[in-house]
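Q: For reference, the file model-v8.txt (compact mmCIF, C-alpha atoms and all ligand atoms) is included below:
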```txt
# COMPACT_ATOMS: atom_id res chain seq x y z
CA MET S 1 -2.90 37.24 27.71
CA GLY S 2 -2.66 34.16 25.49
CA ILE S 3 -4.03 30.67 26.17
CA LEU S 4 -0.48 29.27 26.20
CA ASP S 5 1.11 31.94 28.41
CA GLY S 6 4.08 30.44 30.24
CA LYS S 7 3.79 27.07 28.44
CA ARG S 8 6.83 25.31 27.00
CA ILE S 9 5.91 23.45 23.81
CA LEU S 10 7.93 21.11 21.58
CA VAL S 11 6.72 21.17 17.97
CA THR S 12 7.86 18.50 15.51
CA GLY S 13 7.29 18.24 11.77
CA VAL S 14 8.26 21.68 10.52
CA LEU S 15 9.64 21.37 7.00
CA THR S 16 8.26 24.35 5.05
CA ASP S 17 6.11 27.33 5.95
CA ALA S 18 3.13 25.32 4.68
CA SER S 19 3.77 22.57 7.27
CA ILE S 20 0.96 22.20 9.81
CA GLY S 21 3.76 22.14 12.42
CA PHE S 22 4.93 25.60 11.33
CA HIS S 23 1.46 27.03 11.94
CA ILE S 24 1.14 25.27 15.30
CA ALA S 25 4.49 26.80 16.31
CA ARG S 26 3.47 30.24 15.02
CA MET S 27 0.12 30.27 16.79
CA ALA S 28 1.57 28.76 19.96
CA GLN S 29 4.05 31.65 20.12
CA GLN S 30 1.28 34.15 19.43
CA GLU S 31 -0.62 32.64 22.38
CA GLY S 32 2.35 33.12 24.69
CA ALA S 33 4.27 29.82 24.49
CA THR S 34 8.01 29.29 24.33
CA VAL S 35 8.52 26.94 21.38
CA VAL S 36 11.31 24.50 20.59
CA LEU S 37 11.26 22.76 17.20
CA THR S 38 12.55 19.47 15.95
CA GLY S 39 13.53 18.93 12.33
CA PHE S 40 14.27 15.89 10.23
CA GLY S 41 16.70 15.50 7.33
CA ARG S 42 16.84 18.88 5.66
CA MET S 43 18.07 20.72 8.74
CA SER S 44 19.33 23.87 7.03
CA LEU S 45 15.89 24.32 5.42
CA VAL S 46 14.14 23.77 8.77
CA GLU S 47 16.48 26.26 10.47
CA ARG S 48 15.70 28.83 7.79
CA ILE S 49 11.95 28.28 8.23
CA ALA S 50 12.30 28.51 12.04
CA LYS S 51 13.55 32.08 11.59
CA ARG S 52 10.24 33.01 9.94
CA LEU S 53 8.31 32.42 13.15
CA PRO S 54 7.26 35.48 15.16
CA GLU S 55 10.15 34.52 17.52
CA PRO S 56 12.99 32.55 15.90
CA ALA S 57 12.92 29.12 17.58
CA PRO S 58 15.77 26.69 18.29
CA VAL S 59 15.76 23.49 16.19
CA ILE S 60 16.86 20.05 17.40
CA GLU S 61 17.51 17.26 14.90
CA LEU S 62 15.13 14.32 15.41
CA ASP S 63 14.60 11.25 13.26
CA VAL S 64 11.87 9.34 15.11
CA THR S 65 13.34 6.04 13.89
CA ASP S 66 16.76 6.83 15.43
CA ASP S 67 17.07 5.49 19.00
CA GLU S 68 20.06 7.74 19.77
CA HIS S 69 18.15 10.85 18.70
CA LEU S 70 15.22 9.78 20.91
CA ALA S 71 17.46 8.97 23.89
CA GLY S 72 19.19 12.37 23.66
CA LEU S 73 16.06 14.43 23.02
CA ALA S 74 15.19 15.37 26.63
CA ASP S 75 18.73 16.66 27.31
CA LYS S 76 18.78 18.67 24.11
CA VAL S 77 15.36 20.20 24.84
CA SER S 78 16.55 21.00 28.39
CA ALA S 79 19.23 23.25 26.95
CA HIS S 80 16.41 25.61 25.87
CA VAL S 81 13.55 25.13 28.38
CA ASP S 82 13.37 23.75 31.94
CA GLY S 83 10.55 21.31 31.14
CA LEU S 84 7.68 20.71 28.72
CA ASP S 85 3.95 21.37 29.03
CA GLY S 86 3.08 20.18 25.56
CA VAL S 87 4.27 18.23 22.54
CA ALA S 88 2.94 18.45 18.98
CA HIS S 89 3.50 15.34 16.85
CA SER S 90 3.14 16.46 13.22
CA ILE S 91 5.03 13.64 11.52
CA ALA S 92 4.11 11.12 8.84
CA PHE S 93 5.82 9.30 6.01
CA ALA S 94 5.02 6.40 3.70
CA PRO S 95 7.06 5.18 0.72
CA GLN S 96 5.48 5.84 -2.68
CA THR S 97 4.75 2.11 -3.09
CA ALA S 98 2.43 2.30 -0.07
CA MET S 99 0.01 4.86 -1.56
CA GLY S 100 -1.69 5.76 -4.81
CA GLY S 101 -3.69 2.59 -5.46
CA ASN S 102 -0.89 0.05 -5.00
CA PHE S 103 -2.46 -1.39 -1.84
CA MET S 104 -2.46 -5.04 -2.96
CA ASN S 105 1.23 -5.00 -3.94
CA THR S 106 2.94 -2.99 -1.20
CA PRO S 107 5.75 -5.03 0.41
CA TRP S 108 5.74 -5.39 4.21
CA GLY S 109 9.01 -3.47 4.57
CA ASP S 110 7.37 -0.34 3.13
CA VAL S 111 4.24 -0.82 5.26
CA ALA S 112 6.49 -1.21 8.32
CA THR S 113 8.24 2.09 7.52
CA ALA S 114 4.89 3.89 7.22
CA VAL S 115 3.64 2.46 10.51
CA GLN S 116 6.87 3.14 12.40
CA ILE S 117 7.18 6.78 11.31
CA SER S 118 3.49 7.68 11.25
CA ALA S 119 2.02 5.73 14.20
CA TYR S 120 4.58 4.08 16.49
CA SER S 121 6.50 7.38 16.63
CA LEU S 122 3.68 8.96 18.67
CA LYS S 123 4.69 6.54 21.44
CA SER S 124 8.45 6.97 20.84
CA LEU S 125 8.27 10.78 20.88
CA THR S 126 5.96 10.91 23.90
CA ALA S 127 8.16 8.49 25.85
CA ALA S 128 11.26 10.54 25.00
CA CYS S 129 9.57 13.72 26.30
CA LEU S 130 8.01 12.22 29.45
CA PRO S 131 11.01 13.01 31.72
CA LEU S 132 10.36 16.70 30.96
CA MET S 133 6.61 16.55 31.74
CA LYS S 134 6.94 16.04 35.50
CA SER S 135 3.64 17.69 36.36
CA GLY S 136 1.78 16.40 33.31
CA GLY S 137 1.12 17.93 29.94
CA SER S 138 -0.64 17.68 26.62
CA VAL S 139 0.38 15.66 23.56
CA VAL S 140 -1.36 16.41 20.25
CA GLY S 141 -0.96 14.45 17.00
CA LEU S 142 -2.20 15.03 13.45
CA ASP S 143 -4.61 12.50 12.02
CA PHE S 144 -6.48 11.91 8.79
CA ASP S 145 -9.77 10.21 9.68
CA ALA S 146 -9.08 6.46 9.57
CA GLY S 147 -12.69 5.39 10.03
CA GLN S 148 -13.06 4.48 6.36
CA ALA S 149 -11.02 3.33 3.33
CA TRP S 150 -10.20 6.37 1.18
CA PRO S 151 -9.05 6.50 -2.44
CA VAL S 152 -5.21 6.45 -2.85
CA TYR S 153 -4.40 6.83 0.90
CA ASP S 154 -3.89 3.08 1.23
CA TRP S 155 -1.28 2.00 3.81
CA MET S 156 -1.03 5.55 5.16
CA GLY S 157 -4.68 5.06 6.10
CA VAL S 158 -3.71 1.88 7.94
CA ALA S 159 -0.90 3.79 9.67
CA LYS S 160 -3.40 6.50 10.70
CA ALA S 161 -5.70 3.82 12.15
CA GLY S 162 -2.64 2.71 14.13
CA LEU S 163 -2.00 6.31 15.20
CA GLU S 164 -5.59 6.63 16.45
CA SER S 165 -5.26 3.46 18.50
CA THR S 166 -1.79 4.44 19.76
CA SER S 167 -3.17 7.75 21.05
CA ARG S 168 -5.93 5.93 22.95
CA TYR S 169 -3.43 3.56 24.59
CA LEU S 170 -1.14 6.46 25.47
CA ALA S 171 -4.16 8.24 26.97
CA LYS S 172 -4.84 5.12 29.06
CA TYR S 173 -1.27 4.61 30.27
CA LEU S 174 -0.32 8.27 30.81
CA GLY S 175 -3.56 9.60 32.28
CA PRO S 176 -2.35 8.76 35.82
CA ASP S 177 0.69 11.03 35.13
CA ASN S 178 -1.72 13.84 34.13
CA VAL S 179 -0.58 13.62 30.50
CA ARG S 180 -3.42 14.07 27.99
CA VAL S 181 -3.08 12.63 24.46
CA ASN S 182 -5.40 13.74 21.66
CA LEU S 183 -5.50 13.92 17.88
CA VAL S 184 -6.74 16.51 15.42
CA ALA S 185 -8.17 14.88 12.29
CA ALA S 186 -7.63 17.52 9.62
CA GLY S 187 -9.12 17.80 6.17
CA PRO S 188 -6.71 17.83 3.20
CA LEU S 189 -4.10 20.62 3.19
CA LYS S 190 -1.53 21.42 0.53
CA THR S 191 1.76 20.56 2.25
CA MET S 192 4.88 18.61 1.25
CA ALA S 193 3.48 15.41 2.79
CA ALA S 194 0.25 15.85 0.81
CA LYS S 195 2.09 16.48 -2.47
CA SER S 196 3.89 13.16 -2.06
CA ILE S 197 0.57 11.26 -2.13
CA PRO S 198 -0.08 10.19 -5.75
CA GLY S 199 -3.66 11.23 -6.63
CA PHE S 200 -4.09 13.61 -3.67
CA GLU S 201 -6.35 15.80 -5.89
CA GLU S 202 -9.03 13.16 -5.28
CA PHE S 203 -9.37 14.74 -1.83
CA THR S 204 -8.70 18.39 -2.54
CA ASP S 205 -11.14 18.50 -5.47
CA VAL S 206 -14.18 17.25 -3.55
CA TRP S 207 -13.57 18.31 0.07
CA PRO S 208 -14.50 22.00 -0.27
CA GLU S 209 -17.85 21.02 -1.85
CA ARG S 210 -18.67 18.23 0.61
CA ALA S 211 -17.84 20.19 3.75
CA PRO S 212 -20.92 21.82 5.33
CA LEU S 213 -18.67 24.65 6.53
CA GLY S 214 -16.62 24.68 3.31
CA TRP S 215 -12.90 23.89 3.36
CA ASP S 216 -9.83 25.79 2.17
CA VAL S 217 -7.02 23.36 1.27
CA ALA S 218 -4.53 26.23 1.48
CA ASP S 219 -5.46 27.31 5.03
CA PRO S 220 -3.80 25.32 7.86
CA GLU S 221 -4.93 27.84 10.47
CA PRO S 222 -8.13 26.09 11.65
CA THR S 223 -6.12 22.89 12.18
CA ALA S 224 -3.32 24.72 14.01
CA LYS S 225 -5.86 26.55 16.19
CA ALA S 226 -7.42 23.26 17.34
CA CYS S 227 -3.95 21.89 18.18
CA VAL S 228 -3.14 25.02 20.20
CA ALA S 229 -6.47 24.73 22.03
CA LEU S 230 -5.71 21.09 22.93
CA LEU S 231 -2.22 22.10 24.09
CA SER S 232 -3.77 24.70 26.41
CA ASP S 233 -5.49 24.27 29.77
CA TRP S 234 -8.92 24.54 28.11
CA PHE S 235 -9.36 20.76 27.62
CA PRO S 236 -8.37 19.58 31.10
CA ALA S 237 -10.58 16.48 31.14
CA THR S 238 -10.19 15.40 27.49
CA THR S 239 -7.88 12.58 26.46
CA GLY S 240 -7.93 9.78 23.89
CA GLU S 241 -10.10 12.08 21.76
CA ILE S 242 -10.09 12.82 18.03
CA VAL S 243 -11.20 16.35 17.19
CA HIS S 244 -12.25 16.66 13.54
CA VAL S 245 -11.16 19.88 11.86
CA ASP S 246 -12.41 19.06 8.39
CA GLY S 247 -15.24 21.50 7.68
CA GLY S 248 -17.65 18.80 8.88
CA VAL S 249 -17.03 16.19 6.15
CA HIS S 250 -16.80 13.34 8.69
CA ALA S 251 -20.39 14.05 9.82
CA VAL S 252 -22.22 13.96 6.48
CA GLY S 253 -23.02 11.27 3.94
N1 LIG U 1 -1.59 17.76 4.64
C1 LIG U 1 -2.73 17.10 4.88
O1 LIG U 1 -3.65 17.04 4.03
C2 LIG U 1 -2.94 16.41 6.20
C3 LIG U 1 -4.25 16.07 6.60
C4 LIG U 1 -4.43 15.41 7.82
C5 LIG U 1 -3.32 15.10 8.59
N2 LIG U 1 -2.06 15.44 8.17
C6 LIG U 1 -0.92 15.07 9.00
O2 LIG U 1 -0.26 16.24 9.47
C7 LIG U 1 1.07 15.87 9.83
C8 LIG U 1 2.04 16.90 9.25
O3 LIG U 1 2.07 16.80 7.84
P1 LIG U 1 2.02 18.08 6.89
O4 LIG U 1 0.84 17.92 6.03
O5 LIG U 1 2.23 19.31 7.67
O6 LIG U 1 3.27 17.82 5.92
P2 LIG U 1 4.83 18.16 6.05
O7 LIG U 1 5.48 17.42 4.94
O8 LIG U 1 5.03 19.62 6.13
O9 LIG U 1 5.22 17.52 7.46
C9 LIG U 1 5.54 16.14 7.62
C10 LIG U 1 6.74 16.11 8.53
O10 LIG U 1 7.10 14.77 8.87
C11 LIG U 1 8.50 14.80 9.05
N3 LIG U 1 9.11 13.47 9.06
C12 LIG U 1 9.06 12.52 8.07
N4 LIG U 1 9.80 11.46 8.45
C13 LIG U 1 10.30 11.74 9.70
C14 LIG U 1 11.14 11.03 10.60
N5 LIG U 1 11.65 9.82 10.32
N6 LIG U 1 11.45 11.62 11.80
C15 LIG U 1 10.97 12.85 12.10
N7 LIG U 1 10.19 13.57 11.28
C16 LIG U 1 9.85 13.01 10.09
C17 LIG U 1 8.97 15.64 7.87
O11 LIG U 1 10.31 16.10 8.06
C18 LIG U 1 7.97 16.76 7.90
O12 LIG U 1 8.43 17.83 8.71
C19 LIG U 1 1.27 14.44 9.33
O13 LIG U 1 1.02 13.55 10.40
C20 LIG U 1 0.17 14.30 8.30
O14 LIG U 1 -0.22 12.96 8.06
C21 LIG U 1 -1.86 16.09 7.01
```
Output the file's structure as structure tokens, nothing else.
A:
Amino acid sequence: MGILDGKRILVTGVLTDASIGFHIARMAQQEGATVVLTGFGRMSLVERIAKRLPEPAPVIELDVTDDEHLAGLADKVSAHVDGLDGVAHSIAFAPQTAMGGNFMNTPWGDVATAVQISAYSLKSLTAACLPLMKSGGSVVGLDFDAGQAWPVYDWMGVAKAGLESTSRYLAKYLGPDNVRVNLVAAGPLKTMAAKSIPGFEEFTDVWPERAPLGWDVADPEPTAKACVALLSDWFPATTGEIVHVDGGVHAVG
């Protein structure tokens, strides 16, 4: 028996086998879920990675900025499962100009891209999946604690603050439909998205020392486990919440 037995889960954001989304999909399957993936851009790579899951999973193309992709998503998912019980949003992007210490010079167009893909998309994706969540469900997004200004994270930090607020509003508006919306605020992990942040070592160098529980930047499993737990029935009265999976860094000075 797994905690996701019988659940149908859509997992976004799988790019490589280091992607947090890959590990959510893997653990969701191990806990009994049927998983459908979405991929962006490099579809042949995503399809190859999808075959490395315990059960090869179907992949649907989804650019969260493309209205046609969003409008067609529910139909495409329906070709594989007869509804959804959960959605994992594991998507973020910011242009290079928006990170790495360039905060004062980033043009609005680049900020807008970061906010649309990394924050607004939680609403777009959830809305696109709602027709499949007739009896409710669980939406989980990936956060990096936006309660403070970090080195180099810059406008991605602003986008994450937007993501945190978006999840609270979604929790407010979708609670009556029995849809829960929560975030997992992970510590730094070595993924493609992380490598694209200039100066990311500023996090990975200090985090393992600062974390009361320690922190392994190469181990996405604790983060994926928390996502799977939130996708399960074991948090039935929790919504609008941010669960920190960061070794405890957020709690110490
Ligand atoms: N790696 C970390 O240190 C860390 C820490 C905390 C939170 N997170 C968050 O975890 C999530 C997943 O990132 P990751 O670290 O696994 O990196 P990743 O690069 O493996 O995943 C990011 C995903 O976003 C997708 N994406 C980008 N633009 C898109 C678009 N327009 N439409 C649809 N998908 C798009 C990419 O295709 C990719 O699959 C992100 O929200 C990230 O901010 C990461």
Q: Please, which residues have at least one atom within 7 Å of an atom of ligand LIG 1 (chain U), using only C-alpha atoms and all ligand atoms, listed as a PyMOL selection string?
A: chain S and resi 12-16+18-21+39-41+62-65+90-93+117-118+141-144+185-194
Q: Can you tell me which residues surround segment 80-87 of chain S at a distance of at most 7 Å, considering only C-alpha atoms, apart from same-chain residues fewer than 2 positions away, and format the answer as number ranges by chain?
A: S: 7-11, 77-78, 89, 132-133, 136-140, 231
Q: Fewer than 4 positions away in the same chain doesn't count, so skip those; otherwise give me all residues within 12 Å of Phe103 of chain S, counting all atoms listed in the file, as a list of chain:residue names.
A: S:Pro95, S:Gln96, S:Thr97, S:Ala98, S:Met99, S:Pro107, S:Trp108, S:Asp110, S:Val111, S:Ala149, S:Trp150, S:Pro151, S:Val152, S:Tyr153, S:Asp154, S:Trp155, S:Met156, S:Gly157, S:Val158
Q: Quick one: distance from atom CA of Ala229 of chain S to atom CA of Leu4 of chain S in Å, one decimal?
A: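 According to the coordinates, atom CA of Ala229 of chain S and atom CA of Leu4 of chain S are separated by 8.6 Å.
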Q: For each of S:Ala33, S:Val217, S:Ala226, S:Ala25, take the minimum atom-to-atom distance to Lys51 of chain S, counting only C-alpha atoms, then give the residue where this is smallest.
A: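 Ranked by minimum distance to Lys51 of chain S, first place goes to S:Ala25.
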Q: Please report the interatomic distance between atom CA of Asp205 of chain S and atom CA of Asp219 of chain S in Å with one decimal.
A: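 Here the two named atoms are 14.8 Å from each other.
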Q: Generate the missing atoms of segment 95-106 of chain S up to all heavy atoms and report them as a tab-separated table (two decimals), keeping the file's coordinate frame.
A:
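The resulting file, out16.tsv, is shown below:
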```
chain	number	residue	atom	x	y	z
S	95	PRO	N	6.44	5.29	2.04
S	95	PRO	CA	7.06	5.18	0.72
S	95	PRO	C	5.99	5.24	-0.38
S	95	PRO	O	4.83	4.89	-0.15
S	95	PRO	CB	7.72	3.79	0.77
S	95	PRO	CG	7.86	3.46	2.23
S	95	PRO	CD	6.71	4.13	2.91
S	96	GLN	N	6.41	5.70	-1.55
S	96	GLN	CA	5.48	5.84	-2.68
S	96	GLN	C	4.73	4.55	-2.99
S	96	GLN	O	3.57	4.58	-3.39
S	96	GLN	CB	6.26	6.27	-3.94
S	96	GLN	CG	6.76	7.70	-3.87
S	96	GLN	CD	5.64	8.71	-4.03
S	96	GLN	OE1	5.01	8.78	-5.06
S	96	GLN	NE2	5.39	9.48	-2.97
S	97	THR	N	5.39	3.41	-2.79
S	97	THR	CA	4.75	2.11	-3.09
S	97	THR	C	3.56	1.82	-2.18
S	97	THR	O	2.77	0.92	-2.46
S	97	THR	CB	5.76	0.97	-2.86
S	97	THR	OG1	6.28	1.13	-1.53
S	97	THR	CG2	6.89	0.99	-3.86
S	98	ALA	N	3.46	2.59	-1.07
S	98	ALA	CA	2.43	2.30	-0.07
S	98	ALA	C	1.15	3.11	-0.30
S	98	ALA	O	0.18	2.96	0.43
S	98	ALA	CB	2.98	2.59	1.34
S	99	MET	N	1.17	3.99	-1.32
S	99	MET	CA	0.01	4.86	-1.56
S	99	MET	C	-0.29	4.89	-3.06
S	99	MET	O	0.47	4.38	-3.88
S	99	MET	CB	0.31	6.29	-1.09
S	99	MET	CG	0.61	6.38	0.39
S	99	MET	SD	1.02	8.07	0.92
S	99	MET	CE	2.59	8.33	0.14
S	100	GLY	N	-1.42	5.51	-3.39
S	100	GLY	CA	-1.69	5.76	-4.81
S	100	GLY	C	-2.37	4.62	-5.54
S	100	GLY	O	-2.34	4.57	-6.78
S	101	GLY	N	-2.94	3.67	-4.81
S	101	GLY	CA	-3.69	2.59	-5.46
S	101	GLY	C	-2.93	1.29	-5.57
S	101	GLY	O	-3.41	0.32	-6.18
S	102	ASN	N	-1.75	1.24	-4.92
S	102	ASN	CA	-0.89	0.05	-5.00
S	102	ASN	C	-1.10	-0.88	-3.80
S	102	ASN	O	-0.24	-1.72	-3.50
S	102	ASN	CB	0.57	0.53	-5.05
S	102	ASN	CG	1.52	-0.55	-5.48
S	102	ASN	OD1	1.23	-1.31	-6.41
S	102	ASN	ND2	2.67	-0.64	-4.82
S	103	PHE	N	-2.24	-0.73	-3.13
S	103	PHE	CA	-2.46	-1.39	-1.84
S	103	PHE	C	-2.15	-2.88	-1.86
S	103	PHE	O	-1.52	-3.42	-0.94
S	103	PHE	CB	-3.92	-1.18	-1.41
S	103	PHE	CG	-4.21	-1.69	-0.03
S	103	PHE	CD1	-3.95	-0.90	1.09
S	103	PHE	CD2	-4.75	-2.95	0.17
S	103	PHE	CE1	-4.20	-1.36	2.37
S	103	PHE	CE2	-5.01	-3.42	1.45
S	103	PHE	CZ	-4.74	-2.62	2.55
S	104	MET	N	-2.59	-3.57	-2.94
S	104	MET	CA	-2.46	-5.04	-2.96
S	104	MET	C	-1.02	-5.50	-3.19
S	104	MET	O	-0.72	-6.67	-3.02
S	104	MET	CB	-3.38	-5.62	-4.04
S	104	MET	CG	-4.85	-5.37	-3.81
S	104	MET	SD	-5.45	-6.02	-2.24
S	104	MET	CE	-5.44	-7.78	-2.59
S	105	ASN	N	-0.13	-4.59	-3.60
S	105	ASN	CA	1.23	-5.00	-3.94
S	105	ASN	C	2.32	-4.41	-3.04
S	105	ASN	O	3.50	-4.64	-3.28
S	105	ASN	CB	1.53	-4.58	-5.39
S	105	ASN	CG	0.57	-5.24	-6.34
S	105	ASN	OD1	0.38	-6.46	-6.29
S	105	ASN	ND2	-0.07	-4.44	-7.18
S	106	THR	N	1.93	-3.65	-2.03
S	106	THR	CA	2.94	-2.99	-1.20
S	106	THR	C	3.68	-4.03	-0.36
S	106	THR	O	3.04	-4.80	0.37
S	106	THR	CB	2.28	-1.96	-0.25
S	106	THR	OG1	1.41	-1.14	-1.02
S	106	THR	CG2	3.33	-1.11	0.44
```
